[in-house]
Each structure stands twice: as structure tokens, then as C-alpha cells.
>>> print(open('final09.txt').read())   # compact mmCIF, C-alpha atoms and all ligand atoms
# COMPACT_ATOMS: atom_id res chain seq x y z
CA MET Y 3 -80.18 -2.60 -51.97
CA GLN Y 4 -80.66 -1.38 -48.42
CA GLN Y 5 -81.41 -4.91 -47.37
CA GLU Y 6 -78.19 -6.18 -48.99
CA ILE Y 7 -76.16 -3.48 -47.25
CA VAL Y 8 -77.59 -4.43 -43.87
CA SER Y 9 -76.81 -8.13 -44.35
CA LEU Y 10 -73.34 -7.34 -45.70
CA ARG Y 11 -72.65 -5.23 -42.60
CA GLN Y 12 -73.75 -8.10 -40.37
CA GLN Y 13 -71.67 -10.61 -42.28
CA PHE Y 14 -68.64 -8.34 -42.05
CA GLN Y 15 -69.07 -7.96 -38.29
CA SER Y 16 -69.37 -11.69 -37.80
CA ASP Y 17 -66.28 -12.33 -39.99
CA LEU Y 18 -64.35 -9.75 -38.01
CA LYS Y 19 -65.16 -11.13 -34.60
CA PRO Y 20 -62.83 -14.17 -34.51
CA VAL Y 21 -59.90 -12.31 -36.13
CA ASN Y 22 -56.94 -11.98 -33.77
CA THR Y 23 -53.89 -11.55 -36.01
CA SER Y 24 -53.02 -8.78 -38.43
CA ALA Y 25 -52.51 -11.41 -41.16
CA ASP Y 26 -56.11 -12.69 -40.74
CA LEU Y 27 -57.33 -9.14 -40.71
CA GLU Y 28 -55.67 -8.55 -44.06
CA SER Y 29 -57.66 -11.47 -45.56
CA VAL Y 30 -60.90 -9.95 -44.27
CA LYS Y 31 -59.93 -6.65 -45.84
CA VAL Y 32 -59.21 -8.28 -49.20
CA LYS Y 33 -62.46 -10.25 -48.96
CA TYR Y 34 -64.66 -7.15 -48.41
CA LEU Y 35 -62.81 -4.28 -50.06
CA GLY Y 36 -60.99 -6.18 -52.85
CA LYS Y 37 -61.82 -5.61 -56.51
CA LYS Y 38 -63.99 -8.72 -56.64
CA GLY Y 39 -65.43 -8.16 -53.16
CA PRO Y 40 -69.12 -7.52 -52.21
CA VAL Y 41 -68.75 -3.73 -51.81
CA GLN Y 42 -67.37 -3.42 -55.31
CA ASN Y 43 -70.22 -5.66 -56.51
CA LEU Y 44 -72.78 -3.30 -55.00
CA MET Y 45 -71.17 -0.47 -56.95
CA LYS Y 46 -71.68 -2.41 -60.13
CA LEU Y 47 -75.35 -2.93 -59.26
CA LEU Y 48 -75.83 0.82 -58.89
CA LYS Y 49 -76.50 1.29 -62.57
CA ASP Y 50 -79.67 -0.84 -62.26
CA VAL Y 51 -81.06 1.39 -59.51
CA PRO Y 52 -83.65 3.96 -60.70
CA ALA Y 53 -81.91 7.26 -61.43
CA GLU Y 54 -83.70 9.25 -58.72
CA GLN Y 55 -82.66 6.79 -55.99
CA ARG Y 56 -79.12 6.39 -57.29
CA PRO Y 57 -77.43 9.23 -55.31
CA GLU Y 58 -78.88 7.96 -52.07
CA ALA Y 59 -77.95 4.36 -52.81
CA GLY Y 60 -74.44 5.50 -53.79
CA LYS Y 61 -74.13 7.27 -50.45
CA TRP Y 62 -75.17 4.10 -48.56
CA ILE Y 63 -72.52 2.08 -50.35
CA ASN Y 64 -69.85 4.72 -49.72
CA ASP Y 65 -70.84 4.95 -46.07
CA LEU Y 66 -70.59 1.18 -45.78
CA LYS Y 67 -67.20 1.20 -47.51
CA GLU Y 68 -65.91 3.89 -45.18
CA GLU Y 69 -67.33 2.16 -42.14
CA ILE Y 70 -65.67 -1.12 -43.10
CA SER Y 71 -62.30 0.47 -43.75
CA GLU Y 72 -62.40 2.50 -40.51
CA THR Y 73 -63.37 -0.57 -38.50
CA LEU Y 74 -60.56 -2.48 -40.17
CA SER Y 75 -57.91 0.13 -39.44
CA ALA Y 76 -59.04 0.52 -35.82
CA LYS Y 77 -58.84 -3.24 -35.40
CA LEU Y 78 -55.44 -3.26 -37.12
CA HIS Y 79 -54.06 -0.73 -34.64
CA GLN Y 80 -55.37 -2.75 -31.80
CA LEU Y 81 -53.87 -5.99 -33.14
CA ILE Y 82 -50.47 -4.45 -33.91
CA ASN Y 83 -50.34 -3.12 -30.39
CA VAL Y 84 -50.99 -6.55 -28.92
CA GLU Y 85 -48.54 -8.24 -31.28
CA GLU Y 86 -45.76 -5.75 -30.51
CA LYS Y 87 -46.26 -6.21 -26.82
CA SER Y 88 -46.07 -9.96 -27.04
CA GLN Y 89 -42.98 -9.69 -29.30
CA LEU Y 90 -41.32 -7.36 -26.79
CA SER Y 91 -42.10 -9.61 -23.90
CA LYS Y 92 -40.50 -12.50 -25.80
CA GLU Y 93 -37.37 -10.42 -26.39
CA LYS Y 94 -37.06 -9.00 -22.95
CA ILE Y 95 -33.72 -9.57 -21.22
CA ASP Y 96 -33.61 -11.28 -17.88
CA ILE Y 97 -30.83 -9.38 -16.15
CA SER Y 98 -30.82 -11.83 -13.28
CA LEU Y 99 -29.54 -14.65 -15.54
CA PRO Y 100 -25.91 -15.63 -14.92
CA GLY Y 101 -23.52 -14.38 -17.62
CA ARG Y 102 -21.90 -16.66 -20.16
CA ARG Y 103 -18.41 -17.71 -19.12
CA HIS Y 104 -15.63 -16.62 -21.43
CA PHE Y 105 -12.73 -19.00 -21.71
CA SER Y 106 -9.47 -17.15 -21.50
CA GLY Y 107 -6.19 -18.84 -22.32
CA ARG Y 108 -3.33 -18.86 -19.93
CA LYS Y 109 0.33 -19.73 -20.01
CA HIS Y 110 1.25 -23.39 -20.07
CA ILE Y 111 2.53 -24.66 -16.74
CA VAL Y 112 5.98 -25.23 -18.31
CA THR Y 113 6.08 -21.59 -19.45
CA GLN Y 114 4.86 -20.43 -16.04
CA THR Y 115 7.61 -22.40 -14.31
CA MET Y 116 10.18 -21.13 -16.79
CA ASP Y 117 9.03 -17.52 -16.21
CA GLU Y 118 9.27 -18.00 -12.47
CA ILE Y 119 12.84 -19.34 -12.73
CA ILE Y 120 13.80 -16.53 -15.14
CA ASP Y 121 12.38 -13.91 -12.75
CA ILE Y 122 14.38 -15.27 -9.83
CA MET Y 123 17.58 -15.44 -11.87
CA ILE Y 124 17.13 -11.94 -13.27
CA GLY Y 125 16.77 -10.82 -9.65
CA LEU Y 126 20.18 -12.40 -8.99
CA GLY Y 127 21.78 -10.37 -11.79
CA PHE Y 128 21.57 -12.78 -14.73
CA SER Y 129 20.38 -11.88 -18.24
CA VAL Y 130 18.56 -14.07 -20.72
CA GLN Y 131 20.05 -15.33 -24.00
CA TYR Y 132 18.25 -17.69 -26.32
CA GLY Y 133 19.96 -20.25 -28.56
CA PRO Y 134 18.94 -22.39 -31.51
CA GLU Y 135 17.10 -25.68 -31.05
CA ILE Y 136 18.62 -26.94 -34.30
CA ASP Y 137 22.34 -26.62 -33.85
CA SER Y 138 25.65 -27.97 -35.04
CA GLU Y 139 27.46 -30.87 -33.52
CA TYR Y 140 30.18 -28.34 -32.64
CA TYR Y 141 28.12 -26.21 -30.22
CA ASN Y 142 26.15 -29.09 -28.77
CA PHE Y 143 29.18 -31.38 -28.19
CA GLU Y 144 32.62 -30.45 -29.47
CA ALA Y 145 32.95 -26.97 -27.98
CA LEU Y 146 31.73 -28.46 -24.70
CA ASN Y 147 34.63 -30.90 -24.59
CA PHE Y 148 32.68 -34.03 -25.48
CA ALA Y 149 35.18 -36.59 -26.80
CA PRO Y 150 34.34 -37.79 -30.33
CA ASP Y 151 33.37 -41.20 -28.95
CA HIS Y 152 31.29 -39.88 -26.03
CA PRO Y 153 28.15 -42.01 -25.68
CA ALA Y 154 25.90 -38.92 -25.61
CA ARG Y 155 26.78 -38.34 -29.26
CA ASP Y 156 25.36 -41.73 -30.06
CA MET Y 157 22.45 -41.91 -32.49
CA GLN Y 158 20.38 -43.46 -29.70
CA ASP Y 159 20.37 -40.25 -27.71
CA THR Y 160 20.60 -37.58 -30.36
CA PHE Y 161 18.24 -36.70 -33.18
CA TYR Y 162 20.58 -35.98 -36.08
CA ILE Y 163 19.27 -33.96 -38.99
CA SER Y 164 22.48 -34.44 -40.96
CA PRO Y 165 25.91 -35.75 -39.85
CA GLN Y 166 26.81 -32.27 -38.57
CA THR Y 167 23.37 -30.92 -37.57
CA LEU Y 168 21.16 -32.05 -34.73
CA LEU Y 169 18.35 -31.15 -32.37
CA ARG Y 170 20.15 -29.86 -29.31
CA THR Y 171 20.25 -32.41 -26.51
CA HIS Y 172 20.61 -29.70 -23.85
CA THR Y 173 20.52 -25.93 -23.46
CA SER Y 174 24.28 -26.04 -22.72
CA ASN Y 175 24.76 -25.40 -26.47
CA VAL Y 176 24.27 -21.71 -25.66
CA GLN Y 177 27.39 -21.57 -23.46
CA ALA Y 178 29.99 -21.57 -26.25
CA ARG Y 179 27.82 -19.43 -28.53
CA VAL Y 180 27.66 -16.68 -25.91
CA MET Y 181 31.21 -17.03 -24.57
CA GLU Y 182 32.94 -16.89 -27.97
CA THR Y 183 31.26 -13.59 -28.85
CA ASN Y 184 31.07 -11.84 -25.46
CA PRO Y 185 33.95 -11.12 -23.11
CA PRO Y 186 33.55 -11.83 -19.34
CA PRO Y 187 32.05 -10.89 -16.97
CA LEU Y 188 29.06 -12.96 -18.09
CA ARG Y 189 26.01 -13.86 -16.09
CA ILE Y 190 23.67 -15.67 -18.45
CA ILE Y 191 20.63 -17.89 -18.29
CA SER Y 192 19.25 -19.65 -21.31
CA PRO Y 193 15.83 -21.30 -21.20
CA GLY Y 194 14.47 -23.48 -23.97
CA THR Y 195 13.51 -26.83 -25.42
CA ALA Y 196 15.85 -29.79 -25.80
CA TYR Y 197 15.39 -33.18 -27.47
CA ARG Y 198 16.60 -36.70 -26.86
CA ASN Y 199 15.83 -39.93 -28.59
CA GLU Y 200 14.45 -41.71 -25.55
CA ASP Y 201 11.45 -43.90 -24.87
CA ILE Y 202 8.44 -41.85 -23.83
CA THR Y 203 7.50 -42.97 -20.33
CA ALA Y 204 6.05 -41.39 -17.18
CA ARG Y 205 9.56 -40.17 -16.35
CA SER Y 206 11.17 -39.34 -19.70
CA HIS Y 207 10.17 -37.67 -22.94
CA VAL Y 208 11.79 -36.92 -26.29
CA MET Y 209 11.08 -33.22 -25.86
CA PHE Y 210 11.62 -31.37 -22.63
CA HIS Y 211 12.73 -28.00 -21.31
CA GLN Y 212 15.83 -26.83 -19.53
CA ILE Y 213 17.36 -23.70 -18.23
CA GLU Y 214 21.10 -23.22 -18.40
CA ALA Y 215 22.90 -20.79 -16.11
CA PHE Y 216 26.53 -19.75 -16.20
CA TYR Y 217 28.71 -17.13 -14.62
CA VAL Y 218 32.20 -16.33 -15.93
CA ASP Y 219 34.49 -13.74 -14.37
CA GLU Y 220 37.77 -13.45 -12.52
CA ASN Y 221 37.86 -15.49 -9.32
CA VAL Y 222 34.53 -17.25 -9.71
CA SER Y 223 34.65 -20.16 -7.30
CA PHE Y 224 32.63 -23.02 -5.90
CA ALA Y 225 31.42 -20.63 -3.22
CA ASP Y 226 29.71 -18.56 -5.93
CA LEU Y 227 28.09 -21.67 -7.35
CA PHE Y 228 26.80 -22.83 -3.97
CA SER Y 229 25.54 -19.45 -2.85
CA THR Y 230 23.84 -18.63 -6.17
CA MET Y 231 22.24 -22.07 -6.29
CA GLN Y 232 21.04 -21.78 -2.69
CA ALA Y 233 19.63 -18.30 -3.32
CA PHE Y 234 17.72 -19.68 -6.28
CA LEU Y 235 16.42 -22.79 -4.48
CA ASP Y 236 15.39 -20.72 -1.44
CA LYS Y 237 13.20 -18.61 -3.68
CA PHE Y 238 11.84 -21.33 -5.92
CA PHE Y 239 11.13 -23.98 -3.27
CA GLU Y 240 11.36 -22.68 0.29
CA PRO Y 241 13.81 -20.55 2.28
CA GLY Y 242 16.66 -22.57 3.75
CA ILE Y 243 15.83 -25.75 1.84
CA PRO Y 244 18.61 -28.26 2.60
CA THR Y 245 20.79 -29.14 -0.41
CA ARG Y 246 23.35 -31.81 -1.16
CA TYR Y 247 26.09 -31.83 -3.80
CA ARG Y 248 27.34 -35.13 -5.20
CA PRO Y 249 30.39 -35.50 -7.45
CA SER Y 250 29.42 -36.35 -11.01
CA TYR Y 251 30.82 -36.24 -14.51
CA PHE Y 252 29.92 -33.87 -17.34
CA PRO Y 253 32.62 -33.25 -19.98
CA PHE Y 254 32.21 -29.47 -19.88
CA VAL Y 255 32.73 -28.98 -16.14
CA GLU Y 256 35.54 -29.93 -13.77
CA PRO Y 257 34.74 -30.81 -11.10
CA GLY Y 258 31.17 -31.76 -11.96
CA LEU Y 259 28.30 -32.11 -9.51
CA GLU Y 260 24.76 -33.19 -9.16
CA VAL Y 261 22.58 -31.04 -6.96
CA ASP Y 262 19.91 -32.54 -4.72
CA ILE Y 263 17.35 -30.86 -2.51
CA ARG Y 264 15.81 -32.48 0.53
CA CYS Y 265 12.61 -34.20 -0.52
CA ILE Y 266 9.81 -31.65 -0.36
CA SER Y 267 7.19 -34.35 -0.07
CA CYS Y 268 8.52 -36.26 2.98
CA ASN Y 269 11.02 -33.75 4.42
CA GLY Y 270 13.80 -36.29 4.08
CA GLN Y 271 11.96 -39.15 5.81
CA GLY Y 272 11.84 -41.24 2.62
CA CYS Y 273 8.85 -41.67 0.33
CA MET Y 274 7.82 -42.78 -3.16
CA LEU Y 275 8.78 -39.44 -4.71
CA CYS Y 276 12.39 -39.58 -3.51
CA LYS Y 277 12.58 -43.36 -3.85
CA HIS Y 278 13.20 -43.53 -0.10
CA THR Y 279 16.50 -41.63 -0.31
CA GLY Y 280 15.13 -38.44 1.25
CA TRP Y 281 16.67 -36.40 -1.61
CA LEU Y 282 15.56 -35.17 -5.02
CA GLU Y 283 17.99 -34.53 -7.85
CA ILE Y 284 17.40 -31.08 -9.30
CA ALA Y 285 20.36 -30.02 -11.45
CA GLY Y 286 23.75 -30.79 -12.94
CA ALA Y 287 26.45 -28.24 -12.19
CA GLY Y 288 30.16 -27.61 -11.99
CA MET Y 289 33.07 -25.32 -12.66
CA ILE Y 290 33.41 -24.66 -16.39
CA HIS Y 291 36.17 -26.84 -17.84
CA PRO Y 292 39.30 -24.87 -18.89
CA GLU Y 293 39.06 -26.53 -22.33
CA VAL Y 294 35.61 -25.00 -22.85
CA LEU Y 295 36.90 -21.54 -21.93
CA LYS Y 296 39.84 -22.03 -24.32
CA ASN Y 297 37.49 -23.09 -27.12
CA CYS Y 298 35.83 -19.69 -26.69
CA ASN Y 299 39.10 -17.72 -26.53
CA ILE Y 300 38.72 -16.99 -22.84
CA ASP Y 301 41.95 -17.34 -20.87
CA PRO Y 302 41.39 -20.02 -18.17
CA GLU Y 303 44.37 -18.66 -16.20
CA LYS Y 304 42.58 -15.36 -15.78
CA PHE Y 305 38.91 -16.34 -15.78
CA SER Y 306 36.84 -19.06 -14.24
CA GLY Y 307 33.17 -19.82 -14.19
CA PHE Y 308 30.41 -22.04 -12.95
CA ALA Y 309 27.56 -23.50 -14.92
CA TRP Y 310 24.42 -25.42 -14.17
CA GLY Y 311 21.64 -27.00 -16.12
CA MET Y 312 18.22 -27.67 -14.75
CA GLY Y 313 15.15 -29.31 -16.22
CA ILE Y 314 11.90 -27.32 -16.15
CA GLU Y 315 9.46 -30.20 -16.01
CA ARG Y 316 11.18 -31.80 -13.04
CA PRO Y 317 10.95 -28.84 -10.63
CA ALA Y 318 7.34 -28.36 -11.80
CA ILE Y 319 6.63 -32.04 -11.13
CA LEU Y 320 8.12 -31.75 -7.65
CA LYS Y 321 6.47 -28.46 -6.83
CA TYR Y 322 2.97 -29.39 -7.98
CA GLY Y 323 3.00 -33.14 -7.27
CA ILE Y 324 2.58 -34.24 -10.90
CA ASN Y 325 3.29 -37.92 -11.44
CA ASP Y 326 3.62 -38.28 -15.21
CA ILE Y 327 5.82 -36.12 -17.46
CA ARG Y 328 3.71 -36.97 -20.55
CA ILE Y 329 0.82 -34.90 -19.25
CA PHE Y 330 2.79 -31.70 -20.03
CA MET Y 331 2.54 -32.46 -23.76
CA GLU Y 332 -1.04 -33.68 -23.92
CA ASN Y 333 -2.71 -30.26 -23.81
CA ASP Y 334 -5.58 -31.54 -21.71
CA VAL Y 335 -7.44 -28.43 -20.57
CA ARG Y 336 -8.55 -30.18 -17.36
CA PHE Y 337 -4.87 -30.38 -16.41
CA LEU Y 338 -3.72 -27.05 -17.83
CA SER Y 339 -6.54 -25.00 -16.31
CA GLN Y 340 -5.44 -25.95 -12.80
CA PHE Y 341 -2.47 -23.62 -13.10
CA HIS Y 342 -3.60 -20.04 -13.25
CA LYS Y 343 -1.09 -18.11 -11.27
CA PHE Y 344 -0.16 -15.78 -14.14
N1 LIG Y 401 23.62 -30.29 -19.94
C1 LIG Y 401 23.45 -31.25 -18.88
C2 LIG Y 401 22.33 -32.20 -19.22
O1 LIG Y 401 21.50 -31.88 -20.00
C3 LIG Y 401 23.15 -30.57 -17.58
C4 LIG Y 401 24.29 -29.80 -17.04
C5 LIG Y 401 25.17 -30.39 -16.18
C6 LIG Y 401 24.49 -28.48 -17.41
C7 LIG Y 401 26.22 -29.70 -15.65
C8 LIG Y 401 25.54 -27.74 -16.90
C9 LIG Y 401 26.41 -28.39 -16.01
O2 LIG Y 401 25.76 -26.51 -17.19
O3 LIG Y 401 27.43 -27.67 -15.48
O4 LIG Y 401 22.28 -33.26 -18.68
>>> encode(input="final09.txt", output="C-alpha cells", more="lines below")
Ligand code: DAH
Amino acid sequence: MQQEIVSLRQQFQSDLKPVNTSADLESVKVKYLGKKGPVQNLMKLLKDVPAEQRPEAGKWINDLKEEISETLSAKLHQLINVEEKSQLSKEKIDISLPGRRHFSGRKHIVTQTMDEIIDIMIGLGFSVQYGPEIDSEYYNFEALNFAPDHPARDMQDTFYISPQTLLRTHTSNVQARVMETNPPPLRIISPGTAYRNEDITARSHVMFHQIEAFYVDENVSFADLFSTMQAFLDKFFEPGIPTRYRPSYFPFVEPGLEVDIRCISCNGQGCMLCKHTGWLEIAGAGMIHPEVLKNCNIDPEKFSGFAWGMGIERPAILKYGINDIRIFMENDVRFLSQFHKF
């Protein structure tokens, strides 16, 4: 028996030596201390030992059992320690690593431009009114003095939803809506989207943005139009930017004008942007037609007003040197992320 215990102890030690994980250690434990293991076997053999030697032999087996289990638990502690350390070192955080970039959204360049124009106009005493993008033929055309056979009413330009309902072709539809329900004095701007059935090219799109401005009061004159326009252009482009007014025709103003600024790319020398004219068209404007005032129950003998309409994409194109209007609609982040003023 003693001999067997000695060889078992040796075998255990040699099995234990190569163990370096707690899982392997568990197999060694099962092998030696399990129900069918060698220590348990020795116990079974005890009954064959002569009675007078039995207590001593029992003690040897118990000592061996205890020794094995103490060795195992000491080794287990040691292994767990090593394993925890290596786990921790795997999990450790390298605080010198660069952080992950978070993508934050920002306003679309059209919205940024619109906000900038709105801010300037609010500073000049105007307030903002929004109007519907789906509107009646009346507010888009009739109230604005468009003759029934005016070419702008043509199906080619206008998206009709029904014979009387359409997608507004300009933000001027807000004029009559505001004027018929609010008495002068009125200083209003109205930003928004407008639609026209046009070919989509680098220079035109079916969907675009405008901002309408109008001022109605007693004694509003051309001088008010010029000075307000200049104050706006000074702020939006550059102080003292030269302007030019050309006679033009819009049914809802009389006289009607087109407003040009001196080309900001070539300073009037002539370039591709201004098609070698030295000027860039920026807005339509004029004195509100007496018929429009009458349509809104405003007495044209007592009141007068000016109005202008300006695209949003066009000033943005000029200001930022963009050469294709379609890019505004494409939502290409490489383009959009270049504008992060707000
Ligand atoms: N509504 C016109 C357009 O879309 C622009 C315009 C011209 C607006 C003259 C005005 C104006 O208020 O007075 O082409």
C-alpha cells in the first residue's frame, strides 16, 4: 500500500507539472480525486489490509488525499492569478489612441443661405411668413394679375395637380395671402420651395428655393426699393457692391425690374460666370401693381409697395463658386460637408 501511495504521489506530481490552465487543472483534479480515481480505489482496497494496520493505512490515504487537494488549490490560485492578469492586459485601454470621430449633421447649404438672408432681412425690419407649396391658381396667378392666357400658366411651366390646384411656381403666392388678411404697413419676407416643369440641367431644376420680400405702406417709393435692396446686397455679398437695375416685365409689378450685381468673380471685367457681361442677375423686383393691391382690398390711391423675388440657389452658387445647380439636390456628403458655418 505504501509503495502504491508513493508511486501515485509521483505520478500526480508529474501530471501536474505541464498544467498551465485552470481547465487542465480541473481534469487533473477529476482524474485523481474523482469517484473512479486512484485515491478512491485505494480506499476500496483498505478492507483487504490486516485490521491492525488499517488505521495507519487509512491515515496515509487521507494524508495523500489532503496533500493532492491542497496542491491543486494552491496551483489553482496561482493559475487564476496569471489568467486574470493576462485578461486584464488584453482589456486595458490605450488612452493615447485617437478618439472615434462622431459624424454630426449640419444644415443644408440651401437652408444656411436661406437663414443668412432671413437674418439680414429681419435686421432690416421684415418679418417672416410662410405660404403653401400646393396652392390655388388664384394665389399663384390670378391675384397677381397674370392674364388668363399668360404663358407662365402654361402646362409646360406649371405642375398642375387639378385644373385649379398647382405646385406654386414662385414664392410670390404669399403676397396676396398676406395682403388680403393684414392691413398695411407690411414688411414681409417669405422663404420656401417653388416648382417648375423645366428640364433639369446644370442651370435649372424642377425644384428650387426663393425668398419673396415686400413692403406696403403709404408713400413707399422706388427709393425704398433701391435702398433696401442695396442694404441687403451690401450685407450678403460685400459693402458697396455695385448694382444695376434693368426694366423688365412681371404682371404683378409696375414698373418691373431685374436687379444685377457687378460680377463677384471678375469684378466686372467679364468672365465665364457673368458670360462676359460683367454683371450677374440676382432678383426680379418692382413696385406692386395697383391691380394686385385692389385684389387684396388695399386702396392703391393711399398705399403703395415694392416687392422682390430672389432665388436661393443662385446667390449660393455665386457666393461659393458652385457650377451645377443639380448638386444641391444630390445629397452628396462630400459636397454638403464643405459648408459648416452654422
Ligand atoms: N416671382 C418672380 C419669379 O419667380 C420673381 C419676382 C419678380 C418676384 C418681381 C417679385 C417681383 O416680387 O416684384 O420669377
>>> residues_near_ligand(input="final09.txt", ligand="ligand LIG 401 (chain Y)", cutoff="8 Å", atoms="all atoms listed in the file", output="JSON, numbers by chain")
{"Y": [171, 172, 173, 174, 212, 214, 215, 216, 252, 254, 255, 258, 259, 260, 285, 286, 287, 288, 289, 290, 308, 309, 310, 311, 312, 313]}
>>> residues_around(input="final09.txt", residues="Ile63 of chain Y", least_positions_apart="2", cutoff="8 Å", atoms="only C-alpha atoms", output="ChimeraX atom specification")
/Y:7,41,44-45,59-61,65-67
>>> closest_atom_pairs(input="final09.txt", of="segment 109-164 of chain Y", to="segment 197-209 of chain Y", cutoff="7 Å", atoms="only C-alpha atoms", output="CSV")
residue,atom,partner,partner_atom,distance
Y:Gln158,CA,Y:Asn199,CA,5.9
Y:Asp159,CA,Y:Asn199,CA,4.6
Y:Thr160,CA,Y:Arg198,CA,5.4
Y:Phe161,CA,Y:Asn199,CA,6.1
>>> atom_distance(input="final09.txt", atom1="atom CA of Gly194 of chain Y", atom2="atom CA of His211 of chain Y")
5.5 Å
>>> closest_residue(input="final09.txt", among="Y:Ala145, Y:Pro249, Y:Val222, Y:Arg179", to="Glu303 of chain Y", atoms="only C-alpha atoms")
Y:Val222
>>> residues_around(input="final09.txt", residues="Gln271 of chain Y", least_positions_apart="2", cutoff="6 Å", atoms="all atoms listed in the file", output="ChimeraX atom specification")
/Y:268-269,280
>>> atom_distance(input="final09.txt", atom1="atom CA of Cys298 of chain Y", atom2="atom CA of Leu146 of chain Y")
9.9 Å
>>> closest_residue(input="final09.txt", among="Y:Trp62, Y:Tyr34, Y:Tyr141, Y:Tyr217", to="Gln4 of chain Y", atoms="all atoms listed in the file")
Y:Trp62
>>> atom_distance(input="final09.txt", atom1="atom CA of Val21 of chain Y", atom2="atom CA of Val8 of chain Y")
20.9 Å
>>> residues_around(input="final09.txt", residues="Asn221 of chain Y", least_positions_apart="5", cutoff="9 Å", atoms="only C-alpha atoms", output="PDB file with C-alpha atoms, in the coordinates of the input")
ATOM      1  CA  LYS Y 304      42.580 -15.360 -15.780  1.00  0.00           C
ATOM      2  CA  PHE Y 305      38.910 -16.340 -15.780  1.00  0.00           C
ATOM      3  CA  SER Y 306      36.840 -19.060 -14.240  1.00  0.00           C
ATOM      4  CA  GLY Y 307      33.170 -19.820 -14.190  1.00  0.00           C
TER       5      GLY Y 307
END
>>> residues_around(input="final09.txt", residues="Asn297 of chain Y", least_positions_apart="2", cutoff="12 Å", atoms="all atoms listed in the file", output="CSV table (one decimal) with C-alpha atoms, in the coordinates of the input")
chain,number,residue,atom,x,y,z
Y,140,TYR,CA,30.2,-28.3,-32.6
Y,141,TYR,CA,28.1,-26.2,-30.2
Y,143,PHE,CA,29.2,-31.4,-28.2
Y,144,GLU,CA,32.6,-30.4,-29.5
Y,145,ALA,CA,33.0,-27.0,-28.0
Y,146,LEU,CA,31.7,-28.5,-24.7
Y,147,ASN,CA,34.6,-30.9,-24.6
Y,177,GLN,CA,27.4,-21.6,-23.5
Y,178,ALA,CA,30.0,-21.6,-26.2
Y,179,ARG,CA,27.8,-19.4,-28.5
Y,180,VAL,CA,27.7,-16.7,-25.9
Y,181,MET,CA,31.2,-17.0,-24.6
Y,182,GLU,CA,32.9,-16.9,-28.0
Y,183,THR,CA,31.3,-13.6,-28.8
Y,254,PHE,CA,32.2,-29.5,-19.9
Y,290,ILE,CA,33.4,-24.7,-16.4
Y,291,HIS,CA,36.2,-26.8,-17.8
Y,292,PRO,CA,39.3,-24.9,-18.9
Y,293,GLU,CA,39.1,-26.5,-22.3
Y,294,VAL,CA,35.6,-25.0,-22.8
Y,295,LEU,CA,36.9,-21.5,-21.9
Y,299,ASN,CA,39.1,-17.7,-26.5
Y,300,ILE,CA,38.7,-17.0,-22.8
Y,301,ASP,CA,42.0,-17.3,-20.9
Y,302,PRO,CA,41.4,-20.0,-18.2
>>> closest_residue(input="final09.txt", among="Y:Val32, Y:Thr245, Y:Tyr322, Y:Lys77", to="Ser229 of chain Y", atoms="only C-alpha atoms")
Y:Thr245
>>> axis_aligned_box(input="final09.txt", around="segment 328-336 of chain Y", padding_each_side="6 Å", output="JSON")
{"center_x": -2.4, "center_y": -32.7, "center_z": -20.6, "size_x": 24.3, "size_y": 20.5, "size_z": 18.6}
>>> residues_around(input="final09.txt", residues="Gln340 of chain Y", least_positions_apart="2", cutoff="12 Å", atoms="all atoms listed in the file", output="ChimeraX atom specification")
/Y:107-111,322,324,334-338,342-344
>>> closest_residue(input="final09.txt", among="Y:Asn175, Y:Thr23, Y:Ser339, Y:Asn64", to="Ile82 of chain Y", atoms="all atoms listed in the file")
Y:Thr23
